[in-house]
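Data file: entry-v5.txt. Format and content: compact mmCIF, C-alpha atoms and all ligand atoms.
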```
# COMPACT_ATOMS: atom_id res chain seq x y z
CA MET A 1 42.99 158.47 128.43
CA ARG A 2 43.26 156.70 125.12
CA HIS A 3 46.43 155.88 123.29
CA VAL A 4 46.99 157.84 120.09
CA ASN A 5 49.36 155.94 117.85
CA MET A 6 51.62 158.44 116.11
CA GLN A 7 54.08 155.89 114.82
CA GLY A 8 54.96 156.46 111.19
CA LEU A 9 53.22 159.84 111.15
CA THR A 10 54.86 162.27 108.75
CA ALA A 11 54.19 165.86 107.87
CA PRO A 12 53.13 166.79 104.32
CA PRO A 13 56.33 167.47 102.32
CA ALA A 14 55.49 171.07 101.41
CA TRP A 15 54.71 171.87 105.05
CA ALA A 16 57.88 170.12 106.22
CA THR A 17 60.01 172.15 103.81
CA LYS A 18 58.49 175.41 105.02
CA ALA A 19 58.80 174.37 108.68
CA LYS A 20 62.44 173.41 108.19
CA ARG A 21 63.24 176.88 106.86
CA THR A 22 61.66 178.43 109.93
CA LEU A 23 63.49 176.05 112.27
CA ASP A 24 66.79 176.88 110.55
CA ALA A 25 66.12 180.54 111.30
CA VAL A 26 65.29 179.70 114.93
CA ARG A 27 68.49 177.67 115.19
CA ALA A 28 70.51 180.58 113.81
CA ALA A 29 68.90 182.93 116.33
CA VAL A 30 69.77 180.56 119.17
CA ALA A 31 73.38 180.40 117.98
CA ALA A 32 73.56 184.19 117.70
CA GLY A 33 71.79 184.77 121.00
CA THR A 34 69.12 186.85 119.33
CA LYS A 35 65.33 186.67 119.65
CA ARG A 36 63.75 183.53 118.22
CA LYS A 37 60.67 183.87 116.06
CA PHE A 38 58.33 180.88 116.03
CA THR A 39 56.03 181.14 113.03
CA MET A 40 52.92 179.20 113.99
CA HIS A 41 53.03 176.58 111.24
CA TRP A 42 51.45 174.07 113.64
CA THR A 43 48.12 175.87 113.32
CA GLU A 44 47.97 175.25 109.57
CA ASP A 45 45.42 172.75 108.28
CA ALA A 46 48.08 170.88 106.29
CA VAL A 47 49.57 169.47 109.47
CA ARG A 48 46.60 169.75 111.84
CA ASN A 49 44.44 167.64 109.54
CA VAL A 50 47.04 164.87 109.61
CA LEU A 51 46.72 164.83 113.40
CA LEU A 52 42.92 165.06 113.39
CA GLU A 53 42.71 162.01 111.14
CA LEU A 54 44.09 159.90 113.98
CA VAL A 55 41.11 160.20 116.36
CA GLY A 56 38.84 162.88 114.96
CA ASP A 57 37.92 166.21 116.54
CA LYS A 58 38.74 165.12 120.09
CA CYS A 59 41.11 166.55 122.64
CA TRP A 60 43.79 163.93 123.21
CA TYR A 61 44.08 164.91 126.86
CA CYS A 62 40.52 165.17 128.16
CA GLU A 63 38.84 163.16 125.35
CA THR A 64 36.02 165.65 124.87
CA PHE A 65 34.77 166.39 121.40
CA ILE A 66 35.74 169.85 120.24
CA VAL A 67 32.62 171.45 118.86
CA ARG A 68 32.43 175.03 117.67
CA ALA A 69 35.66 175.86 119.44
CA ASP A 70 39.33 176.20 118.68
CA ILE A 71 41.17 172.97 117.99
CA THR A 72 44.66 173.76 119.14
CA VAL A 73 47.91 171.91 118.61
CA ASP A 74 49.83 171.60 121.84
CA HIS A 75 53.58 171.06 121.99
CA TYR A 76 53.92 168.17 124.45
CA ARG A 77 57.42 169.42 125.19
CA PRO A 78 56.92 173.22 125.25
CA LYS A 79 58.81 175.09 122.55
CA SER A 80 59.82 178.40 124.06
CA GLU A 81 60.06 177.97 127.84
CA VAL A 82 59.51 175.39 130.54
CA LEU A 83 57.50 176.69 133.45
CA ASP A 84 59.36 176.52 136.78
CA VAL A 85 62.63 175.51 135.11
CA PRO A 86 64.60 178.77 135.14
CA GLY A 87 67.05 179.20 132.28
CA HIS A 88 65.59 176.43 130.16
CA PRO A 89 65.21 177.72 126.57
CA GLY A 90 62.26 175.46 125.83
CA TYR A 91 62.42 172.53 123.44
CA TRP A 92 62.76 174.88 120.48
CA TRP A 93 64.26 172.17 118.25
CA LEU A 94 60.95 170.26 118.52
CA ALA A 95 58.78 173.24 117.56
CA TYR A 96 58.11 171.77 114.09
CA ASP A 97 58.44 168.08 114.91
CA VAL A 98 55.02 166.49 114.39
CA SER A 99 55.81 163.78 116.93
CA ASN A 100 55.76 166.54 119.57
CA TYR A 101 52.28 167.73 118.59
CA ARG A 102 49.11 166.80 120.49
CA ILE A 103 45.58 167.88 119.56
CA ALA A 104 44.15 169.76 122.54
CA CYS A 105 41.08 171.76 123.41
CA ARG A 106 41.74 175.32 124.50
CA HIS A 107 40.75 174.40 128.03
CA CYS A 108 43.55 171.81 128.33
CA ASN A 109 46.12 173.73 126.34
CA SER A 110 45.95 177.25 127.61
CA GLY A 111 44.02 177.45 130.81
CA GLY A 112 40.76 178.57 132.22
CA ALA A 113 40.48 175.17 133.85
CA ARG A 114 38.67 175.10 137.18
CA TYR A 115 37.68 172.43 139.63
CA ASN A 116 35.02 173.13 142.23
CA GLY A 117 35.50 176.82 141.59
CA VAL A 118 39.24 176.68 142.23
CA ARG A 119 41.48 177.83 139.44
CA GLU A 120 43.90 175.11 138.48
CA GLY A 121 46.69 177.22 137.08
CA ARG A 122 47.88 177.50 133.52
CA ALA A 123 46.62 174.14 132.25
CA LYS A 124 49.16 172.31 130.08
CA GLY A 125 50.68 175.36 128.42
CA SER A 126 54.40 175.48 129.03
CA GLN A 127 54.35 173.05 131.93
CA PHE A 128 56.56 170.02 131.51
CA PRO A 129 57.64 168.74 134.92
CA LEU A 130 59.78 165.64 135.21
CA ILE A 131 59.35 162.98 137.85
CA GLY A 132 62.85 161.64 137.26
CA GLY A 133 65.65 161.25 134.79
CA THR A 134 67.73 163.98 133.18
CA ARG A 135 66.17 166.96 131.45
CA ALA A 136 67.14 167.66 127.86
CA ARG A 137 68.31 171.22 127.31
CA THR A 138 69.80 171.07 123.83
CA SER A 139 68.91 169.37 120.56
CA VAL A 140 71.60 166.73 121.04
CA ASP A 141 70.36 165.62 124.47
CA ASP A 142 68.55 162.29 124.66
CA LEU A 143 64.82 162.76 125.27
CA ASP A 144 64.54 159.16 126.41
CA ARG A 145 66.47 160.07 129.55
CA GLU A 146 63.57 162.25 130.68
CA GLN A 147 60.80 160.78 132.81
CA PRO A 148 57.84 163.14 132.31
CA LEU A 149 55.38 163.61 135.13
CA PHE A 150 52.58 164.57 132.79
CA LEU A 151 50.85 161.62 131.10
CA ASP A 152 51.28 161.47 127.33
CA PRO A 153 48.41 160.17 125.18
CA ALA A 154 50.94 159.29 122.46
CA HIS A 155 53.03 157.11 124.79
CA HIS A 156 52.33 153.41 124.46
CA SER A 157 51.59 152.80 128.16
CA ASP A 158 50.82 156.19 129.79
CA PRO A 159 47.10 156.19 128.83
CA ASP A 160 46.60 152.95 130.77
CA LEU A 161 47.26 154.87 133.99
CA LEU A 162 44.19 157.08 133.73
CA GLY A 163 40.54 156.14 133.37
CA PHE A 164 37.10 157.36 134.38
CA ASP A 165 35.10 155.85 137.22
CA SER A 166 31.40 155.04 137.18
CA ALA A 167 30.53 158.57 138.29
CA GLY A 168 32.47 160.15 135.45
CA TYR A 169 35.47 161.24 137.51
CA ALA A 170 38.98 160.85 136.15
CA ARG A 171 40.91 158.41 138.33
CA ARG A 172 44.20 156.61 138.35
CA SER A 173 43.71 153.14 136.95
CA ASN A 174 44.36 150.16 139.13
CA THR A 175 48.03 149.77 138.28
CA SER A 176 51.13 149.65 140.42
CA TYR A 177 53.17 152.79 141.01
CA SER A 178 56.47 153.23 139.23
CA GLN A 179 59.74 153.46 141.10
CA ALA A 180 59.94 157.18 140.32
CA GLU A 181 56.42 157.80 141.63
CA THR A 182 57.15 155.97 144.87
CA LYS A 183 60.44 157.79 145.31
CA ARG A 184 58.92 161.25 144.74
CA GLY A 185 55.63 160.50 146.47
CA LEU A 186 53.75 161.68 143.38
CA CYS A 187 51.09 160.04 141.27
CA ARG A 188 51.44 160.84 137.56
CA ALA A 189 47.73 160.37 136.91
CA ASP A 190 46.69 162.58 139.84
CA GLU A 191 49.09 165.31 138.75
CA THR A 192 47.74 165.17 135.20
CA ILE A 193 44.18 165.35 136.49
CA ARG A 194 45.10 168.35 138.63
CA ILE A 195 46.95 170.26 135.91
CA LEU A 196 44.19 169.73 133.35
CA ALA A 197 41.34 169.98 135.87
CA LEU A 198 39.91 166.79 134.42
CA ASN A 199 37.41 166.59 137.27
CA ASP A 200 36.00 169.99 136.49
CA SER A 201 32.24 169.66 136.93
CA HIS A 202 31.52 170.52 133.27
CA LEU A 203 33.87 167.84 132.04
CA VAL A 204 32.41 165.18 134.34
CA LEU A 205 28.95 166.01 133.03
CA MET A 206 30.15 165.62 129.43
CA ALA A 207 31.71 162.27 130.29
CA LEU A 208 28.35 161.18 131.66
CA PHE A 209 26.57 161.90 128.43
CA GLU A 210 29.22 160.16 126.35
CA SER A 211 28.89 156.81 128.13
CA PRO A 212 25.70 154.79 128.50
CA HIS A 213 27.20 152.92 131.44
CA ILE A 214 27.90 155.83 133.69
CA VAL A 215 25.76 156.82 136.64
CA LEU A 216 25.14 160.26 138.05
CA ARG A 217 27.10 161.42 141.06
CA ASP A 218 24.15 160.79 143.36
CA GLY A 219 23.95 157.23 142.16
CA ALA A 220 20.96 157.59 139.85
CA ASN A 221 21.30 155.73 136.59
CA LEU A 222 21.63 157.70 133.39
CA LEU A 223 20.55 156.19 130.08
CA CYS A 224 21.04 152.62 131.25
ZN ZN A 301 40.96 168.92 126.58
```
Mind turning this structure into structure tokens?
Amino acid sequence: MRHVNMQGLTAPPAWATKAKRTLDAVRAAVAAGTKRKFTMHWTEDAVRNVLLELVGDKCWYCETFIVRADITVDHYRPKSEVLDVPGHPGYWWLAYDVSNYRIACRHCNSGGARYNGVREGRAKGSQFPLIGGTRARTSVDDLDREQPLFLDPAHHSDPDLLGFDSAGYARRSNTSYSQAETKRGLCRADETIRILALNDSHLVLMALFESPHIVLRDGANLLC
């Protein structure tokens, strides 16, 4: 996984004005206890192009080039629900915050991921498990108190935890485990690989063709 530096990233002013109006309406709905309506401003080129300029047409999670397919914008912290966290309203207040956006292929964002023929669930989608810390539930809660399980390409050190081995498989990098990982008996990189099915056979094959230094699974050299 490669680090995507989002520091200083801002949304185009006209888009931000429009998004703020929508967020104000969402906030009012939350206060009134009525149905929230999330207009999908994140799919608009005005903001998506700003994100694409950072690393090009690549999925920030699986690093594959997105060719002739949907380039989706994932909410790192899901906007309308958090899977397996009953009663959580989702991080609705971040729905139009560009710092919460990640470019993702459809495979990583909304499912269909498989590994060795086994379906790997809902992909990233509305999953946002924590490995420790305190979960934010309202807009005034401190996000820094959360310790996400899922690796974040926009975090300064998370990408260092995940790399690809010489056979093209996603693996945890050779780094020590955090206190939270040891305590929970979970590996953040392994969980990310599982959720995104990063070792899906198609993805491994693509990784092979993208690197001249990678060998085939049976050990035969490819391109080098
Ligand atoms: Zn992807």
Around ligand ZN 301 (chain A), at most 7 Å away and counting all atoms listed in the file, which residues are there? Put them as a PDB file with C-alpha atoms, keeping the file's coordinate frame, please.
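Wrote out.pdb, looks like this:
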```pdb
ATOM      1  CA  CYS A  59      41.110 166.550 122.640  1.00  0.00           C
ATOM      2  CA  TRP A  60      43.790 163.930 123.210  1.00  0.00           C
ATOM      3  CA  TYR A  61      44.080 164.910 126.860  1.00  0.00           C
ATOM      4  CA  CYS A  62      40.520 165.170 128.160  1.00  0.00           C
ATOM      5  CA  GLU A  63      38.840 163.160 125.350  1.00  0.00           C
ATOM      6  CA  THR A  64      36.020 165.650 124.870  1.00  0.00           C
ATOM      7  CA  ALA A 104      44.150 169.760 122.540  1.00  0.00           C
ATOM      8  CA  CYS A 105      41.080 171.760 123.410  1.00  0.00           C
ATOM      9  CA  ARG A 106      41.740 175.320 124.500  1.00  0.00           C
ATOM     10  CA  HIS A 107      40.750 174.400 128.030  1.00  0.00           C
ATOM     11  CA  CYS A 108      43.550 171.810 128.330  1.00  0.00           C
TER      12      CYS A 108
END
```
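CA of Leu94 in chain A to CA of Ala189 in chain A spans 24.7 Å [interatomic distance, one decimal].
Pairwise distance (CA of Pro129 in chain A, CA of Asn49 in chain A) equals 28.6 Å.
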Within 9 Å of Gly56 in chain A using all atoms listed in the file, minus same-chain residues under 4 positions, as a ChimeraX atom specification: /A:51-52,65
Give me the range 44-129 of chain A side of the contact with range 18-37 of chain A, cut-off 12 Å, one line per residue showing its nearest atom pair and distance in Å at one decimal, counting only C-alpha atoms, sorted by chain and residue number, as a tab-separated table.
```
residue	atom	partner	partner_atom	distance
A:Glu44	CA	A:Ala19	CA	10.9
A:Ala46	CA	A:Lys18	CA	11.4
A:Val47	CA	A:Ala19	CA	10.5
A:Lys79	CA	A:Arg36	CA	10.7
A:Ser80	CA	A:Arg36	CA	8.7
A:Glu81	CA	A:Arg36	CA	11.7
A:Pro89	CA	A:Val30	CA	9.1
A:Gly90	CA	A:Arg36	CA	11.2
A:Tyr91	CA	A:Arg27	CA	11.5
A:Trp92	CA	A:Val26	CA	7.8
A:Trp93	CA	A:Leu23	CA	7.2
A:Leu94	CA	A:Leu23	CA	8.9
A:Ala95	CA	A:Leu23	CA	7.6
A:Tyr96	CA	A:Ala19	CA	6.0
A:Asp97	CA	A:Ala19	CA	8.9
A:Val98	CA	A:Ala19	CA	10.4
```
So which one's closest to Gly185 in chain A, A:Tyr76, A:Val4, A:Ile131, A:Asn199? Using all atoms listed in the file, please.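 Closest residue, counting all atoms listed in the file: A:Ile131.
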Find, counting only C-alpha atoms, the residue in A:Thr182, A:Thr17, A:Ser126, A:Asn100 that gets nearest to Asp152 in chain A. A:Asn100
Distance criterion (only C-alpha atoms): nearest to Met1 in chain A out of A:Ala180, A:Lys58, A:Val82, A:Ala167: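 Result for the nearest residue to Met1 in chain A: A:Lys58.
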Please report the interatomic distance between CA of Pro12 in chain A and CA of Leu54 in chain A in Å with one decimal.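 Interatomic distance, CA of Pro12 in chain A to CA of Leu54 in chain A: 14.9 Å.
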Arg171 in chain A: which residues within 8 Å, counting all atoms listed in the file, same-chain residues fewer than 4 positions away excluded, as JSON, numbers by chain? {"A": [162, 163, 164, 165, 189, 190, 193]}
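Closest approach to Gly168 in chain A from the set A:Glu181, A:Leu198, A:Val55, A:His155 is made by A:Leu198, with distances taken over all atoms listed in the file.
Minimum atom-to-atom distance to Gly87 in chain A, evaluated using only C-alpha atoms, belongs to A:Arg137 out of A:Ala123, A:Asp144, A:Met40, A:Arg137.
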Just checking: using only C-alpha atoms, which residue out of A:Pro159, A:Arg102, A:Val85, A:Thr175 ends up closest to Ala136 in chain A? A:Val85
Any chance you could work out the axis-aligned box around range 151-159 of chain A, listed atoms only, 3 Å on each side, giving centre and edge lengths in Å to one decimal, as AutoDock Vina command-line options?
```
--center_x 50.1 --center_y 157.2 --center_z 126.8 --size_x 11.9 --size_y 14.8 --size_z 14.6
```
